[in-house]
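Text of target_8.cif, listed as mmCIF, N, CA and C atoms:
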```cif
data_coords
#
loop_
_atom_site.group_PDB
_atom_site.id
_atom_site.type_symbol
_atom_site.label_atom_id
_atom_site.label_comp_id
_atom_site.auth_asym_id
_atom_site.auth_seq_id
_atom_site.Cartn_x
_atom_site.Cartn_y
_atom_site.Cartn_z
ATOM 1 N N MET A 230 130.096 136.543 53.448
ATOM 2 C CA MET A 230 130.415 137.809 52.826
ATOM 3 C C MET A 230 129.340 138.827 53.208
ATOM 4 N N PRO A 231 129.714 139.971 53.776
ATOM 5 C CA PRO A 231 128.738 141.000 54.162
ATOM 6 C C PRO A 231 127.986 141.549 52.941
ATOM 7 N N HIS A 232 126.744 141.890 53.171
ATOM 8 C CA HIS A 232 125.895 142.413 52.097
ATOM 9 C C HIS A 232 125.014 143.514 52.681
ATOM 10 N N THR A 233 125.042 144.676 52.076
ATOM 11 C CA THR A 233 124.212 145.793 52.532
ATOM 12 C C THR A 233 123.443 146.352 51.346
ATOM 13 N N GLU A 234 122.164 146.555 51.529
ATOM 14 C CA GLU A 234 121.289 147.133 50.505
ATOM 15 C C GLU A 234 120.477 148.251 51.145
ATOM 16 N N GLU A 235 120.048 149.181 50.329
ATOM 17 C CA GLU A 235 119.087 150.184 50.780
ATOM 18 C C GLU A 235 117.913 150.159 49.824
ATOM 19 N N TRP A 236 116.738 149.877 50.359
ATOM 20 C CA TRP A 236 115.511 149.901 49.577
ATOM 21 C C TRP A 236 114.716 151.120 50.016
ATOM 22 N N LYS A 237 114.109 151.774 49.065
ATOM 23 C CA LYS A 237 113.340 152.981 49.368
ATOM 24 C C LYS A 237 111.845 152.651 49.397
ATOM 25 N N VAL A 238 111.166 153.153 50.422
ATOM 26 C CA VAL A 238 109.732 152.943 50.578
ATOM 27 C C VAL A 238 109.059 154.309 50.688
ATOM 28 N N ARG A 239 108.021 154.511 49.873
ATOM 29 C CA ARG A 239 107.245 155.743 49.931
ATOM 30 C C ARG A 239 105.794 155.367 50.245
ATOM 31 N N LEU A 240 105.219 156.085 51.199
ATOM 32 C CA LEU A 240 103.844 155.815 51.615
ATOM 33 C C LEU A 240 103.003 157.060 51.357
ATOM 34 N N TYR A 241 101.917 156.881 50.624
ATOM 35 C CA TYR A 241 101.020 157.984 50.278
ATOM 36 C C TYR A 241 99.663 157.715 50.914
ATOM 37 N N LEU A 242 99.094 158.725 51.558
ATOM 38 C CA LEU A 242 97.772 158.620 52.178
ATOM 39 C C LEU A 242 96.831 159.624 51.525
ATOM 40 N N PHE A 243 95.622 159.176 51.218
ATOM 41 C CA PHE A 243 94.607 160.012 50.573
ATOM 42 C C PHE A 243 93.329 159.906 51.396
ATOM 43 N N GLU A 244 92.813 161.029 51.831
ATOM 44 C CA GLU A 244 91.602 161.017 52.640
ATOM 45 C C GLU A 244 90.509 161.790 51.922
ATOM 46 N N GLU A 245 89.317 161.161 51.874
ATOM 47 C CA GLU A 245 88.164 161.816 51.269
ATOM 48 C C GLU A 245 86.923 161.363 52.021
ATOM 49 N N ASP A 246 86.234 162.312 52.604
ATOM 50 C CA ASP A 246 85.046 162.025 53.415
ATOM 51 C C ASP A 246 85.418 161.041 54.530
ATOM 52 N N ASP A 247 84.729 159.903 54.595
ATOM 53 C CA ASP A 247 84.978 158.915 55.650
ATOM 54 C C ASP A 247 85.903 157.789 55.193
ATOM 55 N N ARG A 248 86.603 157.986 54.094
ATOM 56 C CA ARG A 248 87.447 156.921 53.523
ATOM 57 C C ARG A 248 88.895 157.387 53.431
ATOM 58 N N THR A 249 89.814 156.511 53.823
ATOM 59 C CA THR A 249 91.242 156.771 53.692
ATOM 60 C C THR A 249 91.833 155.671 52.829
ATOM 61 N N LYS A 250 92.635 156.067 51.847
ATOM 62 C CA LYS A 250 93.325 155.109 50.989
ATOM 63 C C LYS A 250 94.825 155.311 51.174
ATOM 64 N N ALA A 251 95.559 154.217 51.053
ATOM 65 C CA ALA A 251 97.005 154.276 51.171
ATOM 66 C C ALA A 251 97.625 153.527 50.004
ATOM 67 N N ARG A 252 98.754 154.055 49.556
ATOM 68 C CA ARG A 252 99.557 153.388 48.522
ATOM 69 C C ARG A 252 100.986 153.413 49.022
ATOM 70 N N VAL A 253 101.623 152.258 49.029
ATOM 71 C CA VAL A 253 103.020 152.168 49.453
ATOM 72 C C VAL A 253 103.823 151.604 48.281
ATOM 73 N N VAL A 254 104.942 152.258 47.985
ATOM 74 C CA VAL A 254 105.771 151.860 46.853
ATOM 75 C C VAL A 254 107.148 151.470 47.380
ATOM 76 N N LEU A 255 107.578 150.256 47.036
ATOM 77 C CA LEU A 255 108.898 149.767 47.394
ATOM 78 C C LEU A 255 109.755 149.767 46.138
ATOM 79 N N ASP A 256 110.896 150.433 46.205
ATOM 80 C CA ASP A 256 111.856 150.465 45.097
ATOM 81 C C ASP A 256 113.142 149.817 45.581
ATOM 82 N N THR A 257 113.456 148.630 45.034
ATOM 83 C CA THR A 257 114.658 147.911 45.450
ATOM 84 C C THR A 257 115.874 148.289 44.609
ATOM 85 N N GLY A 258 115.662 149.112 43.606
ATOM 86 C CA GLY A 258 116.736 149.429 42.664
ATOM 87 C C GLY A 258 116.618 148.607 41.391
ATOM 88 N N THR A 259 116.036 147.402 41.514
ATOM 89 C CA THR A 259 115.815 146.554 40.338
ATOM 90 C C THR A 259 114.342 146.194 40.170
ATOM 91 N N THR A 260 113.563 146.339 41.237
ATOM 92 C CA THR A 260 112.147 145.980 41.212
ATOM 93 C C THR A 260 111.356 147.054 41.944
ATOM 94 N N GLU A 261 110.149 147.320 41.454
ATOM 95 C CA GLU A 261 109.246 148.227 42.149
ATOM 96 C C GLU A 261 107.928 147.509 42.367
ATOM 97 N N LEU A 262 107.470 147.486 43.610
ATOM 98 C CA LEU A 262 106.196 146.877 43.975
ATOM 99 C C LEU A 262 105.318 147.931 44.632
ATOM 100 N N THR A 263 104.014 147.807 44.438
ATOM 101 C CA THR A 263 103.065 148.762 45.023
ATOM 102 C C THR A 263 101.999 148.013 45.797
ATOM 103 N N GLY A 264 101.801 148.412 47.048
ATOM 104 C CA GLY A 264 100.748 147.844 47.870
ATOM 105 C C GLY A 264 99.644 148.868 48.076
ATOM 106 N N HIS A 265 98.416 148.379 48.258
ATOM 107 C CA HIS A 265 97.266 149.261 48.440
ATOM 108 C C HIS A 265 96.491 148.849 49.689
ATOM 109 N N GLY A 266 95.910 149.831 50.348
ATOM 110 C CA GLY A 266 95.075 149.570 51.506
ATOM 111 C C GLY A 266 94.041 150.668 51.650
ATOM 112 N N ALA A 267 92.979 150.368 52.378
ATOM 113 C CA ALA A 267 91.918 151.359 52.568
ATOM 114 C C ALA A 267 91.273 151.150 53.930
ATOM 115 N N ALA A 268 90.659 152.206 54.412
ATOM 116 C CA ALA A 268 89.892 152.160 55.655
ATOM 117 C C ALA A 268 88.669 153.047 55.480
ATOM 118 N N HIS A 269 87.575 152.636 56.069
ATOM 119 C CA HIS A 269 86.331 153.399 55.992
ATOM 120 C C HIS A 269 85.809 153.612 57.398
ATOM 121 N N ARG A 270 85.602 154.870 57.772
ATOM 122 C CA ARG A 270 85.106 155.197 59.107
ATOM 123 C C ARG A 270 83.597 155.042 59.149
ATOM 124 N N ASN A 271 83.143 154.362 60.156
ATOM 125 C CA ASN A 271 81.721 154.254 60.402
ATOM 126 C C ASN A 271 81.224 155.645 60.804
ATOM 127 N N PRO A 272 80.163 156.165 60.188
ATOM 128 C CA PRO A 272 79.675 157.508 60.526
ATOM 129 C C PRO A 272 79.351 157.688 62.014
ATOM 130 N N ALA A 273 79.076 156.603 62.724
ATOM 131 C CA ALA A 273 78.768 156.701 64.160
ATOM 132 C C ALA A 273 80.037 156.862 65.006
ATOM 133 N N ASP A 274 81.203 156.570 64.429
ATOM 134 C CA ASP A 274 82.464 156.669 65.166
ATOM 135 C C ASP A 274 82.984 158.102 65.146
ATOM 136 N N PRO A 275 83.781 158.483 66.156
ATOM 137 C CA PRO A 275 84.365 159.826 66.163
ATOM 138 C C PRO A 275 85.340 159.990 65.000
ATOM 139 N N ASP A 276 85.481 161.216 64.530
ATOM 140 C CA ASP A 276 86.373 161.523 63.410
ATOM 141 C C ASP A 276 87.806 161.678 63.929
ATOM 142 N N VAL A 277 88.600 160.596 63.801
ATOM 143 C CA VAL A 277 90.001 160.596 64.225
ATOM 144 C C VAL A 277 90.818 160.152 63.013
ATOM 145 N N PRO A 278 91.286 161.101 62.178
ATOM 146 C CA PRO A 278 91.976 160.753 60.934
ATOM 147 C C PRO A 278 93.184 159.840 61.123
ATOM 148 N N GLU A 279 93.879 159.949 62.256
ATOM 149 C CA GLU A 279 95.066 159.132 62.474
ATOM 150 C C GLU A 279 94.743 157.639 62.453
ATOM 151 N N ILE A 280 93.553 157.275 62.952
ATOM 152 C CA ILE A 280 93.173 155.863 62.962
ATOM 153 C C ILE A 280 92.969 155.359 61.541
ATOM 154 N N GLY A 281 92.291 156.133 60.716
ATOM 155 C CA GLY A 281 92.125 155.745 59.312
ATOM 156 C C GLY A 281 93.458 155.639 58.602
ATOM 157 N N ASP A 282 94.372 156.589 58.898
ATOM 158 C CA ASP A 282 95.711 156.538 58.297
ATOM 159 C C ASP A 282 96.429 155.258 58.694
ATOM 160 N N GLU A 283 96.363 154.921 59.981
ATOM 161 C CA GLU A 283 97.051 153.726 60.475
ATOM 162 C C GLU A 283 96.491 152.455 59.848
ATOM 163 N N LEU A 284 95.162 152.364 59.790
ATOM 164 C CA LEU A 284 94.551 151.174 59.199
ATOM 165 C C LEU A 284 94.878 151.050 57.717
ATOM 166 N N ALA A 285 94.708 152.132 56.967
ATOM 167 C CA ALA A 285 94.970 152.081 55.528
ATOM 168 C C ALA A 285 96.446 151.797 55.254
ATOM 169 N N ALA A 286 97.343 152.449 55.995
ATOM 170 C CA ALA A 286 98.779 152.230 55.808
ATOM 171 C C ALA A 286 99.166 150.801 56.171
ATOM 172 N N GLY A 287 98.639 150.305 57.289
ATOM 173 C CA GLY A 287 98.934 148.934 57.692
ATOM 174 C C GLY A 287 98.469 147.929 56.660
ATOM 175 N N ARG A 288 97.303 148.144 56.097
ATOM 176 C CA ARG A 288 96.778 147.237 55.070
ATOM 177 C C ARG A 288 97.598 147.317 53.788
ATOM 178 N N ALA A 289 98.063 148.514 53.437
ATOM 179 C CA ALA A 289 98.916 148.657 52.250
ATOM 180 C C ALA A 289 100.253 147.956 52.470
ATOM 181 N N LEU A 290 100.817 148.088 53.668
ATOM 182 C CA LEU A 290 102.084 147.415 53.973
ATOM 183 C C LEU A 290 101.902 145.900 53.988
ATOM 184 N N TYR A 291 100.778 145.433 54.501
ATOM 185 C CA TYR A 291 100.475 143.999 54.479
ATOM 186 C C TYR A 291 100.417 143.501 53.031
ATOM 187 N N ASP A 292 99.735 144.249 52.176
ATOM 188 C CA ASP A 292 99.632 143.892 50.758
ATOM 189 C C ASP A 292 101.016 143.853 50.116
ATOM 190 N N LEU A 293 101.836 144.846 50.419
ATOM 191 C CA LEU A 293 103.196 144.894 49.878
ATOM 192 C C LEU A 293 104.011 143.700 50.357
ATOM 193 N N GLY A 294 103.925 143.369 51.639
ATOM 194 C CA GLY A 294 104.652 142.227 52.184
ATOM 195 C C GLY A 294 104.244 140.928 51.511
ATOM 196 N N ARG A 295 102.937 140.755 51.278
ATOM 197 C CA ARG A 295 102.436 139.560 50.598
ATOM 198 C C ARG A 295 103.029 139.448 49.202
ATOM 199 N N GLN A 296 103.062 140.567 48.484
ATOM 200 C CA GLN A 296 103.632 140.557 47.135
ATOM 201 C C GLN A 296 105.122 140.226 47.159
ATOM 202 N N LEU A 297 105.840 140.775 48.125
ATOM 203 C CA LEU A 297 107.278 140.551 48.210
ATOM 204 C C LEU A 297 107.585 139.082 48.482
ATOM 205 N N VAL A 298 106.806 138.450 49.355
ATOM 206 C CA VAL A 298 106.991 137.027 49.625
ATOM 207 C C VAL A 298 106.656 136.203 48.383
ATOM 208 N N GLU A 299 105.626 136.589 47.625
ATOM 209 C CA GLU A 299 105.290 135.875 46.395
ATOM 210 C C GLU A 299 106.413 135.973 45.371
ATOM 211 N N VAL A 300 107.033 137.139 45.258
ATOM 212 C CA VAL A 300 108.168 137.302 44.345
ATOM 213 C C VAL A 300 109.310 136.384 44.769
ATOM 214 N N ALA A 301 109.597 136.343 46.064
ATOM 215 C CA ALA A 301 110.665 135.471 46.568
ATOM 216 C C ALA A 301 110.332 134.009 46.307
ATOM 217 N N ASP A 302 109.062 133.615 46.501
ATOM 218 C CA ASP A 302 108.644 132.240 46.212
ATOM 219 C C ASP A 302 108.896 131.886 44.755
ATOM 220 N N ARG A 303 108.506 132.776 43.841
ATOM 221 C CA ARG A 303 108.723 132.519 42.404
ATOM 222 C C ARG A 303 110.208 132.427 42.083
ATOM 223 N N ASP A 304 111.000 133.304 42.699
ATOM 224 C CA ASP A 304 112.449 133.264 42.469
ATOM 225 C C ASP A 304 113.038 131.946 42.954
ATOM 226 N N LEU A 305 112.600 131.487 44.126
ATOM 227 C CA LEU A 305 113.093 130.213 44.652
ATOM 228 C C LEU A 305 112.680 129.044 43.765
ATOM 229 N N GLU A 306 111.437 129.043 43.306
ATOM 230 C CA GLU A 306 110.975 127.967 42.425
ATOM 231 C C GLU A 306 111.780 127.942 41.130
ATOM 232 N N GLY A 307 112.148 129.131 40.630
ATOM 233 C CA GLY A 307 112.945 129.203 39.408
ATOM 234 C C GLY A 307 114.358 128.678 39.592
ATOM 235 N N MET A 308 114.876 128.785 40.799
ATOM 236 C CA MET A 308 116.235 128.310 41.075
ATOM 237 C C MET A 308 116.277 126.805 41.309
ATOM 238 N N ASN A 309 115.217 126.246 41.866
ATOM 239 C CA ASN A 309 115.180 124.834 42.242
ATOM 240 C C ASN A 309 113.933 124.164 41.684
ATOM 241 N N PRO A 310 113.840 123.973 40.358
ATOM 242 C CA PRO A 310 112.638 123.325 39.825
ATOM 243 C C PRO A 310 112.557 121.878 40.315
ATOM 244 N N PRO A 311 111.351 121.397 40.626
ATOM 245 C CA PRO A 311 111.207 120.014 41.085
ATOM 246 C C PRO A 311 111.618 119.041 39.985
ATOM 247 N N GLU A 312 112.191 117.925 40.393
ATOM 248 C CA GLU A 312 112.698 116.948 39.426
ATOM 249 C C GLU A 312 111.577 116.272 38.649
ATOM 250 N N ASP A 313 110.403 116.103 39.263
ATOM 251 C CA ASP A 313 109.314 115.407 38.574
ATOM 252 C C ASP A 313 108.416 116.345 37.771
ATOM 253 N N GLY A 314 108.753 117.647 37.719
ATOM 254 C CA GLY A 314 108.001 118.593 36.907
ATOM 255 C C GLY A 314 106.773 119.170 37.575
ATOM 256 N N ARG A 315 106.436 118.712 38.788
ATOM 257 C CA ARG A 315 105.271 119.253 39.498
ATOM 258 C C ARG A 315 105.653 120.539 40.205
ATOM 259 N N SER A 316 104.631 121.302 40.563
ATOM 260 C CA SER A 316 104.857 122.541 41.302
ATOM 261 C C SER A 316 105.448 122.227 42.670
ATOM 262 N N ALA A 317 106.410 123.052 43.088
ATOM 263 C CA ALA A 317 107.050 122.854 44.387
ATOM 264 C C ALA A 317 106.147 123.297 45.527
ATOM 265 N N GLY A 318 105.091 124.065 45.250
ATOM 266 C CA GLY A 318 104.174 124.531 46.288
ATOM 267 C C GLY A 318 104.734 125.740 47.020
ATOM 268 N N PRO A 319 103.981 126.263 47.963
ATOM 269 C CA PRO A 319 104.421 127.469 48.668
ATOM 270 C C PRO A 319 105.594 127.173 49.591
ATOM 271 N N SER A 320 106.420 128.191 49.771
ATOM 272 C CA SER A 320 107.555 128.039 50.687
ATOM 273 C C SER A 320 107.075 128.180 52.120
ATOM 274 N N ALA A 321 107.919 127.802 53.069
ATOM 275 C CA ALA A 321 107.554 127.881 54.479
ATOM 276 C C ALA A 321 107.346 129.324 54.924
ATOM 277 N N GLY A 322 107.929 130.305 54.208
ATOM 278 C CA GLY A 322 107.820 131.698 54.614
ATOM 279 C C GLY A 322 106.626 132.429 54.044
ATOM 280 N N ARG A 323 105.766 131.740 53.340
ATOM 281 C CA ARG A 323 104.635 132.398 52.687
ATOM 282 C C ARG A 323 103.694 133.029 53.698
ATOM 283 N N ILE A 324 103.234 134.228 53.380
ATOM 284 C CA ILE A 324 102.270 134.944 54.216
ATOM 285 C C ILE A 324 100.878 134.483 53.813
ATOM 286 N N ALA A 325 100.062 134.152 54.785
ATOM 287 C CA ALA A 325 98.693 133.731 54.515
ATOM 288 C C ALA A 325 97.888 134.916 54.002
ATOM 289 N N PRO A 326 96.824 134.648 53.223
ATOM 290 C CA PRO A 326 95.974 135.747 52.747
ATOM 291 C C PRO A 326 95.415 136.551 53.917
ATOM 292 N N ALA A 327 95.130 137.807 53.638
ATOM 293 C CA ALA A 327 94.562 138.684 54.671
ATOM 294 C C ALA A 327 93.187 138.174 55.071
ATOM 295 N N PRO A 328 92.850 138.254 56.348
ATOM 296 C CA PRO A 328 91.496 137.899 56.762
ATOM 297 C C PRO A 328 90.477 138.752 56.026
ATOM 298 N N GLU A 329 89.286 138.245 55.851
ATOM 299 C CA GLU A 329 88.250 138.947 55.082
ATOM 300 C C GLU A 329 88.020 140.369 55.584
ATOM 301 N N HIS A 330 88.013 140.588 56.911
ATOM 302 C CA HIS A 330 87.752 141.930 57.432
ATOM 303 C C HIS A 330 88.880 142.904 57.076
ATOM 304 N N VAL A 331 90.078 142.417 56.813
ATOM 305 C CA VAL A 331 91.190 143.281 56.414
ATOM 306 C C VAL A 331 91.054 143.660 54.940
ATOM 307 N N ARG A 332 90.622 142.715 54.110
ATOM 308 C CA ARG A 332 90.515 142.983 52.676
ATOM 309 C C ARG A 332 89.390 143.963 52.354
ATOM 310 N N ARG A 333 88.342 143.956 53.139
ATOM 311 C CA ARG A 333 87.194 144.809 52.838
ATOM 312 C C ARG A 333 87.509 146.279 53.013
ATOM 313 N N GLY A 334 88.282 146.622 54.043
ATOM 314 C CA GLY A 334 88.646 148.008 54.307
ATOM 315 C C GLY A 334 87.486 148.877 54.538
#
```

Output the structure of this file as C-alpha coordinates.
Amino acid sequence: MPHTEEWKVRLYLFEEDDRTKARVVLDTGTTELTGHGAAHRNPADPDVPEIGDELAAGRALYDLGRQLVEVADRDLEGMNPPEDGRSAGPSAGRIAPAPEHVRRG
(Lines of atoms letter the chains of each structure in order from A and count residues from 1; the text may use other names and numbers.)
(Lines give C-alpha, C1' and ligand atoms only; values in the text may rest on other atoms or scores of the structure.)
Protein backbone atom coordinates (compact mmCIF):
# COMPACT_ATOMS: atom_id res chain seq x y z
CA MET A 1 0.00 0.00 0.00
CA PRO A 2 1.53 3.38 -1.01
CA HIS A 3 2.33 5.79 1.80
CA THR A 4 3.31 9.45 1.46
CA GLU A 5 4.20 11.81 4.30
CA GLU A 6 5.55 15.33 4.46
CA TRP A 7 7.74 16.25 7.41
CA LYS A 8 8.78 19.84 7.93
CA VAL A 9 12.35 20.74 8.89
CA ARG A 10 13.44 24.21 10.01
CA LEU A 11 17.10 25.10 10.45
CA TYR A 12 18.17 28.14 12.47
CA LEU A 13 21.74 29.50 12.50
CA PHE A 14 23.06 31.94 15.12
CA GLU A 15 26.46 33.55 14.80
CA GLU A 16 28.24 35.48 17.53
CA ASP A 17 31.92 36.37 17.41
CA ASP A 18 33.84 33.19 16.46
CA ARG A 19 31.00 30.80 17.37
CA THR A 20 28.12 29.52 15.25
CA LYS A 21 25.19 27.62 16.75
CA ALA A 22 22.54 25.72 14.86
CA ARG A 23 19.13 24.41 15.86
CA VAL A 24 17.15 22.12 13.58
CA VAL A 25 13.51 21.30 14.29
CA LEU A 26 11.72 18.33 12.73
CA ASP A 27 7.92 18.37 12.82
CA THR A 28 6.36 15.08 11.70
CA GLY A 29 2.82 16.21 12.44
CA THR A 30 2.71 14.01 15.55
CA THR A 31 6.22 14.46 16.96
CA GLU A 32 8.66 17.35 17.16
CA LEU A 33 12.39 16.77 17.67
CA THR A 34 15.14 19.37 18.01
CA GLY A 35 18.80 18.87 17.20
CA HIS A 36 21.64 21.19 18.22
CA GLY A 37 25.11 21.79 16.85
CA ALA A 38 27.90 24.31 17.21
CA ALA A 39 31.17 25.33 15.60
CA HIS A 40 33.96 27.52 16.90
CA ARG A 41 36.43 29.24 14.58
CA ASN A 42 40.03 29.21 15.59
CA PRO A 43 41.14 32.89 15.73
CA ALA A 44 44.12 31.99 13.50
CA ASP A 45 41.79 30.75 10.73
CA PRO A 46 40.30 33.07 8.09
CA ASP A 47 36.80 34.39 8.79
CA VAL A 48 34.56 32.35 6.44
CA PRO A 49 31.05 32.27 8.00
CA GLU A 50 29.79 29.65 5.53
CA ILE A 51 32.17 27.06 7.00
CA GLY A 52 30.89 27.66 10.53
CA ASP A 53 27.31 27.46 9.22
CA GLU A 54 28.03 24.15 7.49
CA LEU A 55 29.72 22.62 10.52
CA ALA A 56 27.08 23.76 13.01
CA ALA A 57 24.20 22.74 10.71
CA GLY A 58 25.77 19.36 9.98
CA ARG A 59 26.26 18.68 13.68
CA ALA A 60 22.66 19.70 14.44
CA LEU A 61 21.38 17.39 11.68
CA TYR A 62 23.56 14.57 13.03
CA ASP A 63 22.08 15.14 16.50
CA LEU A 64 18.56 15.13 15.04
CA GLY A 65 19.24 11.91 13.11
CA ARG A 66 20.54 10.21 16.26
CA GLN A 67 17.40 11.19 18.15
CA LEU A 68 15.14 9.98 15.34
CA VAL A 69 16.82 6.57 15.28
CA GLU A 70 16.49 6.34 19.08
CA VAL A 71 12.76 7.06 18.82
CA ALA A 72 12.41 4.34 16.18
CA ASP A 73 14.38 1.91 18.39
CA ARG A 74 12.05 2.58 21.34
CA ASP A 75 9.00 2.17 19.10
CA LEU A 76 10.31 -1.16 17.80
CA GLU A 77 11.10 -2.41 21.31
CA GLY A 78 7.55 -1.49 22.36
CA MET A 79 6.08 -3.50 19.50
CA ASN A 80 8.22 -6.61 20.03
CA PRO A 81 9.10 -7.02 23.72
CA PRO A 82 11.56 -9.88 24.34
CA GLU A 83 9.96 -13.04 25.68
CA ASP A 84 12.42 -13.40 28.57
CA GLY A 85 11.92 -9.81 29.78
CA ARG A 86 15.47 -8.66 28.98
CA SER A 87 16.26 -5.62 26.89
CA ALA A 88 16.27 -6.31 23.16
CA GLY A 89 19.35 -4.08 22.72
CA PRO A 90 20.02 -1.63 19.91
CA SER A 91 18.61 -2.24 16.47
CA ALA A 92 20.85 -2.81 13.46
CA GLY A 93 20.04 0.71 12.21
CA ARG A 94 21.31 2.54 15.28
CA ILE A 95 23.62 5.48 14.65
CA ALA A 96 26.84 5.36 16.63
CA PRO A 97 27.60 8.28 18.98
CA ALA A 98 29.32 11.27 17.42
CA PRO A 99 33.10 11.20 17.57
CA GLU A 100 34.51 13.35 20.38
CA HIS A 101 35.74 16.06 17.98
CA VAL A 102 32.18 16.44 16.61
CA ARG A 103 30.58 16.77 20.06
CA ARG A 104 32.98 19.47 21.22
CA GLY A 105 32.11 21.91 18.43

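Residues surrounding range 284-294 of chain A within 7 Å are Thr249, Lys250, Ala251, Arg252, Val253, Leu262, Thr263, Gly264, His265, Gly266, Ala267, Ala268, Glu279, Ile280, Gly281, Leu297, Val298, Glu299, Ile324 and Val331 of chain A [all atoms listed in the file; sequence separation below 3 positions excluded].
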
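A straight line drawn from CA of Leu255 in chain A to CA of Arg295 in chain A is 12.5 Å long.
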
Inset, instruction - Tell me which residues the PyMOL selection byres (((chain A and resi 234 and name CA) around 12) and name CA) grabs here, as an NGL selection string. - result: :A and (231-233 or 235-237 or 256-259)

Legend entry - Two-atom distance - atom N of Asp247 in chain A, CA of Asn271 in chain A (Å): 8.6 Å

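We find CA of Val300 in chain A and CA of Val238 in chain A to be spaced 16.9 Å apart.
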
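Proximity to His269 in chain A was assessed for A:Ala301, A:Leu240, A:Gln296, A:Asp246 counting all atoms listed in the file; the smallest distance is recorded for A:Asp246.
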